[in-house]
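For reference, run26.cif (mmCIF, C-alpha atoms):
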data_coords
#
loop_
_atom_site.label_atom_id
_atom_site.label_comp_id
_atom_site.auth_asym_id
_atom_site.auth_seq_id
_atom_site.Cartn_x
_atom_site.Cartn_y
_atom_site.Cartn_z
CA MET A 1 -28.20 198.71 58.44
CA ALA A 2 -31.98 199.02 58.64
CA ARG A 3 -33.86 196.36 60.62
CA GLY A 4 -36.11 195.45 57.65
CA ASN A 5 -33.08 194.58 55.53
CA ARG A 6 -31.56 192.38 58.29
CA ASP A 7 -34.47 189.87 57.95
CA ASN A 8 -33.73 189.29 54.26
CA VAL A 9 -30.02 188.59 54.40
CA ILE A 10 -30.31 185.38 52.36
CA VAL A 11 -32.39 185.86 49.26
CA VAL A 12 -33.08 183.72 46.21
CA PRO A 13 -31.30 185.18 43.20
CA GLY A 14 -33.40 186.33 40.28
CA LYS A 15 -35.39 189.18 38.88
CA ARG A 16 -37.46 191.21 41.34
CA PRO A 17 -40.07 193.29 39.65
CA GLY A 18 -41.65 196.18 41.40
CA LYS A 19 -45.11 196.00 42.89
CA ARG A 20 -46.75 197.71 39.94
CA LEU A 21 -45.13 195.44 37.37
CA ARG A 22 -46.03 192.33 39.35
CA ALA A 23 -49.63 193.45 39.51
CA SER A 24 -49.72 194.07 35.76
CA ARG A 25 -52.00 191.67 33.82
CA VAL A 26 -49.64 191.60 30.87
CA PHE A 27 -46.26 191.27 32.54
CA GLY A 28 -47.22 190.00 36.00
CA ALA A 29 -47.75 186.38 34.90
CA LYS A 30 -44.15 186.20 33.67
CA PHE A 31 -42.83 186.73 37.19
CA GLY A 32 -45.38 184.52 38.85
CA ARG A 33 -43.88 181.22 37.54
CA GLY A 34 -41.84 180.52 40.61
CA LYS A 35 -44.90 180.43 42.74
CA ARG A 36 -46.45 177.52 40.88
CA GLU A 37 -46.84 174.13 42.56
CA SER A 38 -43.40 172.50 42.71
CA ASN A 39 -44.57 168.95 43.61
CA VAL A 40 -44.48 166.74 40.49
CA GLU A 41 -46.00 163.27 40.63
CA LEU A 42 -44.07 160.42 38.97
CA ASN A 43 -45.99 158.34 36.48
CA LEU A 44 -45.63 155.11 38.45
CA THR A 45 -47.74 152.85 36.25
CA SER A 46 -45.48 153.06 33.21
CA MET A 47 -42.38 152.81 35.42
CA ILE A 48 -43.62 149.59 37.01
CA ASP A 49 -44.53 148.25 33.55
CA ILE A 50 -40.94 148.81 32.38
CA PHE A 51 -39.54 147.25 35.57
CA VAL A 52 -41.70 144.15 35.20
CA LEU A 53 -40.70 143.75 31.54
CA MET A 54 -37.02 144.08 32.44
CA VAL A 55 -37.34 141.50 35.24
CA VAL A 56 -39.10 139.02 32.94
CA PHE A 57 -36.48 139.52 30.21
CA LEU A 58 -33.58 139.12 32.63
CA ILE A 59 -35.06 136.00 34.24
CA GLN A 60 -35.41 134.47 30.76
CA GLN A 61 -31.75 135.27 30.09
CA PHE A 62 -30.61 133.93 33.45
CA SER A 63 -28.26 130.98 33.22
CA ALA A 64 -25.87 129.43 35.69
CA ASP A 65 -23.87 127.61 32.99
CA GLY A 66 -21.18 130.27 32.99
CA ASP A 67 -20.20 129.25 36.53
CA LEU A 68 -19.43 125.70 35.40
CA LEU A 69 -16.44 126.82 33.35
CA PHE A 70 -13.54 129.15 33.96
CA MET A 71 -14.11 131.82 31.34
CA THR A 72 -10.90 133.40 30.12
CA GLU A 73 -9.76 135.50 27.19
CA LYS A 74 -7.08 132.94 26.34
CA ILE A 75 -9.67 130.35 25.34
CA ARG A 76 -12.04 131.09 22.47
CA MET A 77 -14.34 128.10 22.35
CA PRO A 78 -15.69 126.75 19.06
CA GLU A 79 -19.37 127.02 18.21
CA ALA A 80 -21.91 124.24 17.77
CA ALA A 81 -25.63 124.17 17.15
CA PHE A 82 -26.62 120.67 18.32
CA TYR A 83 -25.37 120.93 21.88
CA GLU A 84 -26.75 119.67 25.18
CA GLN A 85 -26.99 121.33 28.57
CA LEU A 86 -23.60 121.57 30.28
CA GLU A 87 -23.29 119.67 33.56
CA ARG A 88 -20.91 119.96 36.49
CA ALA A 89 -17.77 117.87 35.98
CA PRO A 90 -14.01 118.43 36.29
CA VAL A 91 -12.90 120.98 33.68
CA ILE A 92 -9.72 120.61 31.65
CA GLN A 93 -8.78 123.91 30.03
CA VAL A 94 -6.57 123.87 26.96
CA SER A 95 -5.40 127.22 25.65
CA GLN A 96 -2.79 127.67 22.94
CA GLU A 97 -0.16 127.92 25.69
CA ASP A 98 -1.24 125.97 28.77
CA ILE A 99 -3.15 122.93 29.93
CA MET A 100 -4.97 123.40 33.22
CA ILE A 101 -7.35 121.41 35.38
CA GLU A 102 -9.89 123.34 37.46
CA GLY A 103 -7.74 126.44 36.98
CA ALA A 104 -4.48 124.82 38.17
CA LEU A 105 -1.62 124.70 35.67
CA ILE A 106 -0.65 121.19 34.55
CA ALA A 107 1.68 121.58 31.58
CA GLN A 108 2.74 123.78 28.71
CA VAL A 109 1.24 122.94 25.33
CA SER A 110 4.63 123.27 23.62
CA ASP A 111 6.13 120.65 25.97
CA VAL A 112 3.22 118.26 25.51
CA ALA A 113 3.42 118.61 21.72
CA GLN A 114 7.06 117.47 21.79
CA GLU A 115 6.37 114.43 23.96
CA GLU A 116 6.16 111.09 22.21
CA LEU A 117 3.90 109.55 24.87
CA TRP A 118 0.14 109.81 24.42
CA ASN A 119 -0.71 110.42 28.04
CA ILE A 120 0.05 113.56 30.05
CA GLN A 121 1.35 112.09 33.30
CA ARG A 122 0.52 114.99 35.61
CA LEU A 123 -2.98 115.40 34.19
CA GLU A 124 -3.68 111.72 34.69
CA GLU A 125 -2.50 111.92 38.32
CA GLN A 126 -4.66 114.97 39.00
CA LEU A 127 -7.69 113.29 37.49
CA ARG A 128 -7.09 110.17 39.57
CA ASP A 129 -6.96 112.43 42.67
CA HIS A 130 -10.28 114.00 41.63
CA LYS A 131 -11.81 110.58 41.29
CA LYS A 132 -10.48 109.53 44.70
CA ALA A 133 -11.89 112.70 46.27
CA PHE A 134 -15.27 111.99 44.68
CA ASP A 135 -15.21 108.41 45.98
CA ALA A 136 -14.27 109.63 49.47
CA LEU A 137 -17.20 112.06 49.45
CA ARG A 138 -19.55 109.32 48.34
CA MET A 139 -18.27 107.03 51.12
CA ALA A 140 -18.91 109.85 53.58
CA GLY A 141 -22.54 109.92 52.54
CA ALA A 142 -22.66 112.50 49.78
CA GLY A 143 -25.12 111.70 47.01
CA GLY A 144 -24.36 111.17 43.36
CA GLU A 145 -22.80 108.47 41.27
CA PHE A 146 -19.51 108.59 39.42
CA LYS A 147 -20.40 108.79 35.74
CA GLY A 148 -16.92 109.47 34.40
CA ASP A 149 -17.86 112.85 32.94
CA ILE A 150 -15.19 115.37 32.05
CA ASN A 151 -15.52 118.77 30.37
CA ILE A 152 -12.83 119.84 27.92
CA GLN A 153 -12.77 123.60 27.42
CA ALA A 154 -10.28 124.10 24.60
CA ASP A 155 -9.35 126.96 22.31
CA ARG A 156 -10.62 126.54 18.75
CA GLN A 157 -7.13 126.65 17.21
CA VAL A 158 -5.49 124.02 19.39
CA PRO A 159 -4.26 121.13 17.21
CA PHE A 160 -5.94 117.76 17.59
CA LYS A 161 -2.62 116.27 18.69
CA ILE A 162 -3.02 118.01 22.07
CA ILE A 163 -6.73 117.19 22.40
CA LYS A 164 -5.96 113.56 21.63
CA LYS A 165 -3.45 113.40 24.49
CA VAL A 166 -5.84 115.10 26.90
CA MET A 167 -8.62 112.66 25.96
CA TYR A 168 -6.29 109.68 26.32
CA SER A 169 -5.14 110.83 29.77
CA ALA A 170 -8.77 111.27 30.88
CA ASN A 171 -9.58 107.83 29.58
CA GLN A 172 -6.65 106.30 31.48
CA ALA A 173 -7.83 107.98 34.70
CA GLY A 174 -11.33 106.52 34.34
CA TYR A 175 -13.17 109.44 32.74
CA PHE A 176 -14.83 107.98 29.67
CA ASN A 177 -17.63 110.45 28.99
CA ILE A 178 -15.87 113.35 27.35
CA ASN A 179 -17.74 116.59 26.77
CA PHE A 180 -16.46 119.33 24.48
CA ALA A 181 -17.57 122.70 25.85
CA VAL A 182 -18.88 124.91 23.06
CA ASN A 183 -20.51 128.25 22.54
CA ALA A 184 -24.09 128.01 21.38
CA ALA A 185 -24.78 128.74 17.73
CA ALA A 186 -28.08 129.04 15.91
CA ARG A 187 -29.43 125.84 14.43
CA PRO A 188 -29.67 125.77 10.64
CA THR A 189 -33.23 126.23 9.46
CA ALA A 190 -35.01 123.69 7.24
CA ASP A 191 -35.04 126.22 4.38
CA ALA A 192 -31.25 126.59 4.55
CA GLY A 193 -30.83 122.83 4.48
CA GLU A 194 -33.07 122.50 1.43
CA ALA A 195 -31.25 125.33 -0.31
CA SER A 196 -27.87 123.65 0.26
CA GLU A 197 -29.26 120.37 -1.06
CA GLY A 198 -30.61 122.10 -4.16
CA MET B 199 -66.14 156.47 46.90
CA ALA B 200 -67.33 153.02 45.81
CA SER B 201 -68.87 150.93 48.56
CA ILE B 202 -70.74 147.67 49.14
CA ASN B 203 -73.41 146.86 51.68
CA ALA B 204 -71.81 144.46 54.18
CA GLY B 205 -75.09 143.81 55.99
CA GLY B 206 -76.45 145.39 59.14
CA GLY B 207 -76.61 148.74 57.42
CA GLU B 208 -72.80 149.03 57.27
CA LYS B 209 -71.11 149.93 54.06
CA LYS B 210 -67.66 148.52 53.33
CA SER B 211 -65.33 150.54 51.14
CA LEU B 212 -64.18 148.91 47.88
CA ASP B 213 -61.32 151.32 47.31
CA LEU B 214 -57.94 149.71 47.82
CA VAL B 215 -54.57 151.37 47.76
CA ILE B 216 -51.80 149.05 46.51
CA PRO B 217 -48.52 149.82 48.29
CA LEU B 218 -46.35 150.62 45.26
CA VAL B 219 -43.18 151.69 47.05
CA PRO B 220 -42.12 148.21 48.33
CA MET B 221 -43.04 146.75 44.97
CA ILE B 222 -40.79 149.23 43.17
CA ASP B 223 -38.02 148.53 45.70
CA MET B 224 -38.28 144.80 45.08
CA LEU B 225 -38.30 145.19 41.29
CA ALA B 226 -35.30 147.51 41.41
CA MET B 227 -33.39 145.01 43.57
CA MET B 228 -34.30 142.14 41.24
CA ILE B 229 -33.16 144.10 38.19
CA THR B 230 -29.85 144.94 39.87
CA PHE B 231 -29.26 141.32 40.90
CA LEU B 232 -30.20 139.88 37.52
CA MET B 233 -28.07 142.41 35.64
CA MET B 234 -25.07 141.54 37.82
CA THR B 235 -25.50 137.80 37.36
CA ALA B 236 -26.54 137.86 33.70
CA VAL B 237 -24.62 135.53 31.39
CA TRP B 238 -24.94 136.73 27.83
CA THR B 239 -23.15 133.77 26.20
CA GLU B 240 -24.87 130.41 26.18
CA ILE B 241 -22.61 127.42 26.70
CA GLY B 242 -23.28 123.80 25.82
CA ARG B 243 -21.51 120.48 25.43
CA LEU B 244 -21.00 117.86 22.75
CA GLN B 245 -20.68 114.42 24.25
CA VAL B 246 -18.23 112.03 22.64
CA ALA B 247 -16.48 108.81 23.60
CA GLN B 248 -12.96 107.77 22.89
CA ALA B 249 -12.85 104.94 20.37
CA PRO B 250 -12.83 102.01 20.66
CA SER B 251 -13.36 101.32 24.38
CA GLY B 252 -15.43 104.31 25.47
CA PRO B 253 -19.03 103.59 26.43
CA SER B 254 -21.88 105.75 25.20
CA ASP B 255 -25.11 106.91 26.81
CA SER B 256 -27.14 104.84 24.42
CA VAL B 257 -29.75 102.79 26.31
CA GLU B 258 -30.64 100.58 23.37
CA PRO B 259 -28.56 97.42 22.88
CA PRO B 260 -26.10 97.69 20.01
CA LYS B 261 -27.39 96.41 16.69
CA PRO B 262 -25.24 95.19 13.82
CA THR B 263 -24.94 98.32 11.74
CA LEU B 264 -22.68 99.89 9.20
CA GLN B 265 -19.07 100.71 10.13
CA LEU B 266 -19.09 104.46 9.55
CA THR B 267 -15.87 106.46 9.84
CA LEU B 268 -15.30 110.13 9.14
CA THR B 269 -11.67 111.19 8.88
CA LEU B 270 -10.54 114.81 8.92
CA THR B 271 -7.40 115.36 6.90
CA GLU B 272 -5.59 118.44 5.66
CA ARG B 273 -7.28 117.97 2.27
CA GLY B 274 -10.84 117.57 3.55
CA TYR B 275 -13.20 114.88 4.80
CA LEU B 276 -12.87 111.19 4.06
CA LEU B 277 -16.14 109.37 4.72
CA ALA B 278 -15.97 105.57 4.84
CA ALA B 279 -19.20 103.56 5.03
CA GLY B 280 -18.36 99.87 5.17
CA ALA B 281 -16.15 99.05 2.20
CA GLU B 282 -17.02 102.23 0.31
CA SER B 283 -15.32 105.53 0.91
CA VAL B 284 -15.79 108.97 -0.53
CA GLU B 285 -13.58 112.05 -0.25
CA ILE B 286 -15.11 115.48 0.30
CA PRO B 287 -12.36 117.98 -0.53
CA LYS B 288 -12.07 121.39 1.11
CA LYS B 289 -13.66 124.42 -0.53
CA GLY B 290 -10.73 126.79 -0.39
CA GLU B 291 -9.66 126.89 3.25
CA GLU B 292 -13.01 125.67 4.61
CA TYR B 293 -14.27 122.13 5.05
CA ASP B 294 -17.34 121.40 2.90
CA SER B 295 -19.69 120.66 5.80
CA ALA B 296 -22.86 121.11 3.69
CA GLU B 297 -21.78 118.26 1.42
CA LEU B 298 -20.86 116.16 4.48
CA VAL B 299 -24.32 116.62 6.01
CA LYS B 300 -25.90 115.71 2.68
CA LYS B 301 -23.91 112.45 2.48
CA LEU B 302 -24.47 111.56 6.15
CA LYS B 303 -28.22 112.13 5.82
CA ALA B 304 -28.29 109.91 2.74
CA ILE B 305 -26.53 107.13 4.71
CA LYS B 306 -28.93 107.63 7.62
CA LYS B 307 -31.88 107.39 5.23
CA ASP B 308 -30.61 104.05 3.87
CA ASN B 309 -29.75 102.78 7.39
CA PRO B 310 -32.35 104.18 9.82
CA ASP B 311 -30.94 102.13 12.75
CA GLN B 312 -27.46 103.59 12.32
CA ARG B 313 -26.51 105.66 15.38
CA ALA B 314 -22.76 105.23 15.67
CA ILE B 315 -19.97 107.00 13.85
CA THR B 316 -16.24 107.23 14.48
CA VAL B 317 -14.63 110.60 13.88
CA ALA B 318 -10.88 110.48 13.32
CA ALA B 319 -8.56 113.42 12.80
CA GLU B 320 -4.98 114.02 11.81
CA ASP B 321 -2.73 115.60 14.44
CA SER B 322 -2.52 118.96 12.69
CA VAL B 323 -6.29 119.45 12.33
CA GLU B 324 -7.57 122.32 14.45
CA TYR B 325 -9.98 121.55 17.28
CA GLN B 326 -12.71 123.79 15.83
CA PHE B 327 -12.95 121.58 12.73
CA LEU B 328 -13.27 118.48 14.89
CA VAL B 329 -16.09 120.11 16.84
CA MET B 330 -17.73 121.16 13.58
CA ALA B 331 -17.57 117.58 12.30
CA VAL B 332 -19.08 116.25 15.55
CA ASP B 333 -21.82 118.88 15.31
CA LYS B 334 -22.61 117.83 11.73
CA CYS B 335 -22.84 114.18 12.82
CA LEU B 336 -25.36 115.18 15.48
CA GLU B 337 -27.26 117.19 12.88
CA SER B 338 -27.42 114.03 10.76
CA GLU B 339 -28.93 112.10 13.70
CA LEU B 340 -25.83 110.05 14.49
CA PRO B 341 -25.56 110.64 18.25
CA ASP B 342 -23.10 107.88 19.28
CA ILE B 343 -19.85 109.56 18.34
CA SER B 344 -16.42 108.15 19.08
CA VAL B 345 -13.32 110.24 18.54
CA THR B 346 -9.97 108.75 17.68
CA ALA B 347 -6.71 109.65 16.01
CA ALA B 348 -6.34 109.08 12.28
CA MET B 349 -4.00 106.23 11.45
CA GLY B 350 -1.13 106.67 9.07
#
Using structure tokens, write down the structure that the file contains.
Amino acid sequence: MARGNRDNVIVVPGKRPGKRLRASRVFGAKFGRGKRESNVELNLTSMIDIFVLMVVFLIQQFSADGDLLFMTEKIRMPEAAFYEQLERAPVIQVSQEDIMIEGALIAQVSDVAQEELWNIQRLEEQLRDHKKAFDALRMAGAGGEFKGDINIQADRQVPFKIIKKVMYSANQAGYFNINFAVNAAARPTADAGEASEG
Amino acid sequence: MASINAGGGEKKSLDLVIPLVPMIDMLAMMITFLMMTAVWTEIGRLQVAQAPSGPSDSVEPPKPTLQLTLTLTERGYLLAAGAESVEIPKKGEEYDSAELVKKLKAIKKDNPDQRAITVAAEDSVEYQFLVMAVDKCLESELPDISVTAAMG
């Protein structure tokens, strides 16, 4: 093999015009593209604009409320328009099958529905334990006052018979301020209200 | 290049290069974090008390007002204001909440000090209808809501 060829063992694939064709004014420009400047500058201003808009939008959307409840597919919460901000409190979950407190199974809905008694014994005990734990923390120096708040996160199709028993058990355990967790809905506008009245 | 005379014959450059790379890094990190922690569903609460012993958050002392009770039955709403009661039947399968709001607002207009209402429901009524009734009471500016079981 000739020495000149040995230097060009690795070559970039593509068309290789002859010297005369490359020098041609008409056809030469066509083969000269590869030699153009390959450094392309990003348009940073518009990119930063988009980033800033996205950050502002996402900060507006940011909410820590989702962490206060145990979101699950089994529970489809009802909607309400005139709601207040959710606060941290023990959560009783009521699906169409189970009753849970803070994610721990308490009873089956079918069993509770058959019971004649209004209170759910195990739920009441668990709530009393929660209250004792809160009192112990407060005695140890933790801040906060026991307000008797409880959040009920129930499926929209659960019969009131079950909700009634859950509420009664909470009441018996000393939790009087009952909060129904709901999904936010749009408030009716004044025009809609007037239209319904008309 | 733009410049300003800083005194003593020296000229201070006005050109400033903002370091964009760390800014882009920070924005990209913030977008990633916010996207990961984004909660797209807004959650709220409706506060109720259990009648008759449950306390409410009302700061004002209780005033002698109308005994207002809303009962949810399989047939519709039954609204009792003192000795008078009116039935609001269902519209097909749905409760007539527009009519309920209309009646509650009329009661509120006649009794501006009225804040309390008791919502009762039959055992078979679905939870979503109870929540809807509570929501309509709040819409009608009756914030002290007690929930109880319907008698009979």
TODO: Show which residues sit within 8 Å of A:Gly174, as a VMD selection string. Count all atoms listed in the file, and ignore same-chain residues fewer than 2 positions away.
DONE: chain A and resid 128 148 170 to 172 176
Generate the output file for the selected residues, C-alpha atoms, as a PDB file, in the frame of the given file.
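Result file again_9.pdb:
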ATOM      1  CA  ARG A 128      -7.090 110.170  39.570  1.00  0.00           C
ATOM      2  CA  GLY A 148     -16.920 109.470  34.400  1.00  0.00           C
ATOM      3  CA  ALA A 170      -8.770 111.270  30.880  1.00  0.00           C
ATOM      4  CA  ASN A 171      -9.580 107.830  29.580  1.00  0.00           C
ATOM      5  CA  GLN A 172      -6.650 106.300  31.480  1.00  0.00           C
ATOM      6  CA  PHE A 176     -14.830 107.980  29.670  1.00  0.00           C
TER       7      PHE A 176
END
Open item on the list: Set the cut-off to 9 Å and count all atoms listed in the file: what are the residues of chain A that reach chain B? Output as a count of residues only.
Closed with: 54
- [ ] Grab the atom CA of B:Ala279 to atom CA of A:Ile152 distance for me, in Å with one decimal place.
- [x] 28.8 Å
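Going from atom CA of B:Ser338 over to atom CA of A:Ser169, you cover 29.5 Å.
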TODO: Find the spatial neighbours of B:Glu339, counting all atoms listed in the file, within a cut-off of 8 Å - ignore same-chain residues fewer than 4 positions away - and output them as a list in words.
DONE: Lys303, Lys306, Arg313 and Cys335 of chain B
Mind writing the picked residues with C-alpha atoms as a PDB file, in the frame of the given file?
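Listed below is the output, again12.pdb:
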ATOM      1  CA  LYS B 303     -28.220 112.130   5.820  1.00  0.00           C
ATOM      2  CA  LYS B 306     -28.930 107.630   7.620  1.00  0.00           C
ATOM      3  CA  ARG B 313     -26.510 105.660  15.380  1.00  0.00           C
ATOM      4  CA  CYS B 335     -22.840 114.180  12.820  1.00  0.00           C
TER       5      CYS B 335
END
TODO: Grab the atom CA of A:Leu105 to atom CA of A:Pro90 distance for me, in Å with one decimal place.
DONE: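 So the answer is 13.9 Å.
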TODO: For B:Leu268, please output as an MDAnalysis selection string all residues within 7 Å (counting only C-alpha atoms; exclusion window: fewer than 3 positions along the same chain).
DONE: chainID B and resid 275:278 316:318
Axis-aligned box for all listed atoms of stretch 137-141 of chain A, 4 Å per side, centre and edges in Å to one decimal, as AutoDock Vina command-line options:
--center_x -19.9 --center_y 109.5 --center_z 51.0 --size_x 13.3 --size_y 13.0 --size_z 13.2
Near A:Glu102, counting only C-alpha atoms, which residues have an atom at most 9 Å away, once you skip same-chain residues fewer than 2 positions from it, shown as a short mmCIF file (atom, residue, chain, number, x, y, z; two decimals) with C-alpha atoms, keeping the file's coordinate frame?
data_model
loop_
_atom_site.label_atom_id
_atom_site.label_comp_id
_atom_site.auth_asym_id
_atom_site.auth_seq_id
_atom_site.Cartn_x
_atom_site.Cartn_y
_atom_site.Cartn_z
CA LEU A 69 -16.44 126.82 33.35
CA PHE A 70 -13.54 129.15 33.96
CA PRO A 90 -14.01 118.43 36.29
CA VAL A 91 -12.90 120.98 33.68
CA ILE A 92 -9.72 120.61 31.65
CA GLN A 93 -8.78 123.91 30.03
CA MET A 100 -4.97 123.40 33.22
CA ALA A 104 -4.48 124.82 38.17
CA LEU A 105 -1.62 124.70 35.67
#
- [ ] Write out as an NGL selection string each polymer residue whose atoms come within 9 Å of A:Ile120, counting only C-alpha atoms; drop sequence neighbours fewer than 2 positions from it.
- [x] :A and (106-107 or 112 or 115 or 117-118 or 122-125 or 165-166 or 168-169)
Open item on the list: Which residue is closest to B:Gly290? Choose from B:Pro341, B:Pro310, B:Pro217, B:Gly274 and count all atoms listed in the file.
Closed with: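 For B:Gly290, the nearest of the given residues is B:Gly274.
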Complete the atom set of stretch 205-225 of chain B to N, CA and C atoms and return it as a JSON list (two decimals), keeping the file's coordinate frame.
[["chain", "number", "residue", "atom", "x", "y", "z"],
["B", 205, "GLY", "N", -74.05, 144.32, 55.10],
["B", 205, "GLY", "CA", -75.09, 143.81, 55.99],
["B", 205, "GLY", "C", -75.14, 144.61, 57.27],
["B", 206, "GLY", "N", -76.31, 144.65, 57.88],
["B", 206, "GLY", "CA", -76.45, 145.39, 59.14],
["B", 206, "GLY", "C", -76.37, 146.89, 58.93],
["B", 207, "GLY", "N", -76.61, 147.30, 57.69],
["B", 207, "GLY", "CA", -76.61, 148.74, 57.42],
["B", 207, "GLY", "C", -75.24, 149.34, 57.24],
["B", 208, "GLU", "N", -74.18, 148.50, 57.42],
["B", 208, "GLU", "CA", -72.80, 149.03, 57.27],
["B", 208, "GLU", "C", -72.38, 148.96, 55.82],
["B", 209, "LYS", "N", -71.62, 149.92, 55.43],
["B", 209, "LYS", "CA", -71.11, 149.93, 54.06],
["B", 209, "LYS", "C", -69.59, 149.79, 54.09],
["B", 210, "LYS", "N", -69.11, 148.78, 53.34],
["B", 210, "LYS", "CA", -67.66, 148.52, 53.33],
["B", 210, "LYS", "C", -67.06, 149.16, 52.08],
["B", 211, "SER", "N", -65.97, 149.84, 52.27],
["B", 211, "SER", "CA", -65.33, 150.54, 51.14],
["B", 211, "SER", "C", -64.67, 149.54, 50.18],
["B", 212, "LEU", "N", -64.83, 149.77, 48.89],
["B", 212, "LEU", "CA", -64.18, 148.91, 47.88],
["B", 212, "LEU", "C", -62.85, 149.47, 47.41],
["B", 213, "ASP", "N", -62.58, 150.70, 47.76],
["B", 213, "ASP", "CA", -61.32, 151.32, 47.31],
["B", 213, "ASP", "C", -60.15, 150.69, 48.03],
["B", 214, "LEU", "N", -59.12, 150.37, 47.26],
["B", 214, "LEU", "CA", -57.94, 149.71, 47.82],
["B", 214, "LEU", "C", -56.69, 150.40, 47.29],
["B", 215, "VAL", "N", -55.82, 150.74, 48.18],
["B", 215, "VAL", "CA", -54.57, 151.37, 47.76],
["B", 215, "VAL", "C", -53.47, 150.31, 47.77],
["B", 216, "ILE", "N", -52.90, 150.03, 46.59],
["B", 216, "ILE", "CA", -51.80, 149.05, 46.51],
["B", 216, "ILE", "C", -50.52, 149.76, 46.93],
["B", 217, "PRO", "N", -49.78, 149.18, 47.89],
["B", 217, "PRO", "CA", -48.52, 149.82, 48.29],
["B", 217, "PRO", "C", -47.47, 149.66, 47.19],
["B", 218, "LEU", "N", -47.24, 150.69, 46.42],
["B", 218, "LEU", "CA", -46.35, 150.62, 45.26],
["B", 218, "LEU", "C", -44.87, 150.73, 45.64],
["B", 219, "VAL", "N", -44.59, 151.42, 46.72],
["B", 219, "VAL", "CA", -43.18, 151.69, 47.05],
["B", 219, "VAL", "C", -42.40, 150.40, 47.31],
["B", 220, "PRO", "N", -42.89, 149.47, 48.17],
["B", 220, "PRO", "CA", -42.12, 148.21, 48.33],
["B", 220, "PRO", "C", -42.03, 147.40, 47.06],
["B", 221, "MET", "N", -43.07, 147.49, 46.23],
["B", 221, "MET", "CA", -43.04, 146.75, 44.97],
["B", 221, "MET", "C", -41.93, 147.30, 44.06],
["B", 222, "ILE", "N", -41.84, 148.61, 43.99],
["B", 222, "ILE", "CA", -40.79, 149.23, 43.17],
["B", 222, "ILE", "C", -39.42, 148.89, 43.73],
["B", 223, "ASP", "N", -39.30, 148.90, 45.05],
["B", 223, "ASP", "CA", -38.02, 148.53, 45.70],
["B", 223, "ASP", "C", -37.61, 147.12, 45.29],
["B", 224, "MET", "N", -38.58, 146.21, 45.38],
["B", 224, "MET", "CA", -38.28, 144.80, 45.08],
["B", 224, "MET", "C", -37.88, 144.64, 43.61],
["B", 225, "LEU", "N", -38.63, 145.29, 42.73],
["B", 225, "LEU", "CA", -38.30, 145.19, 41.29],
["B", 225, "LEU", "C", -36.92, 145.77, 41.00]]
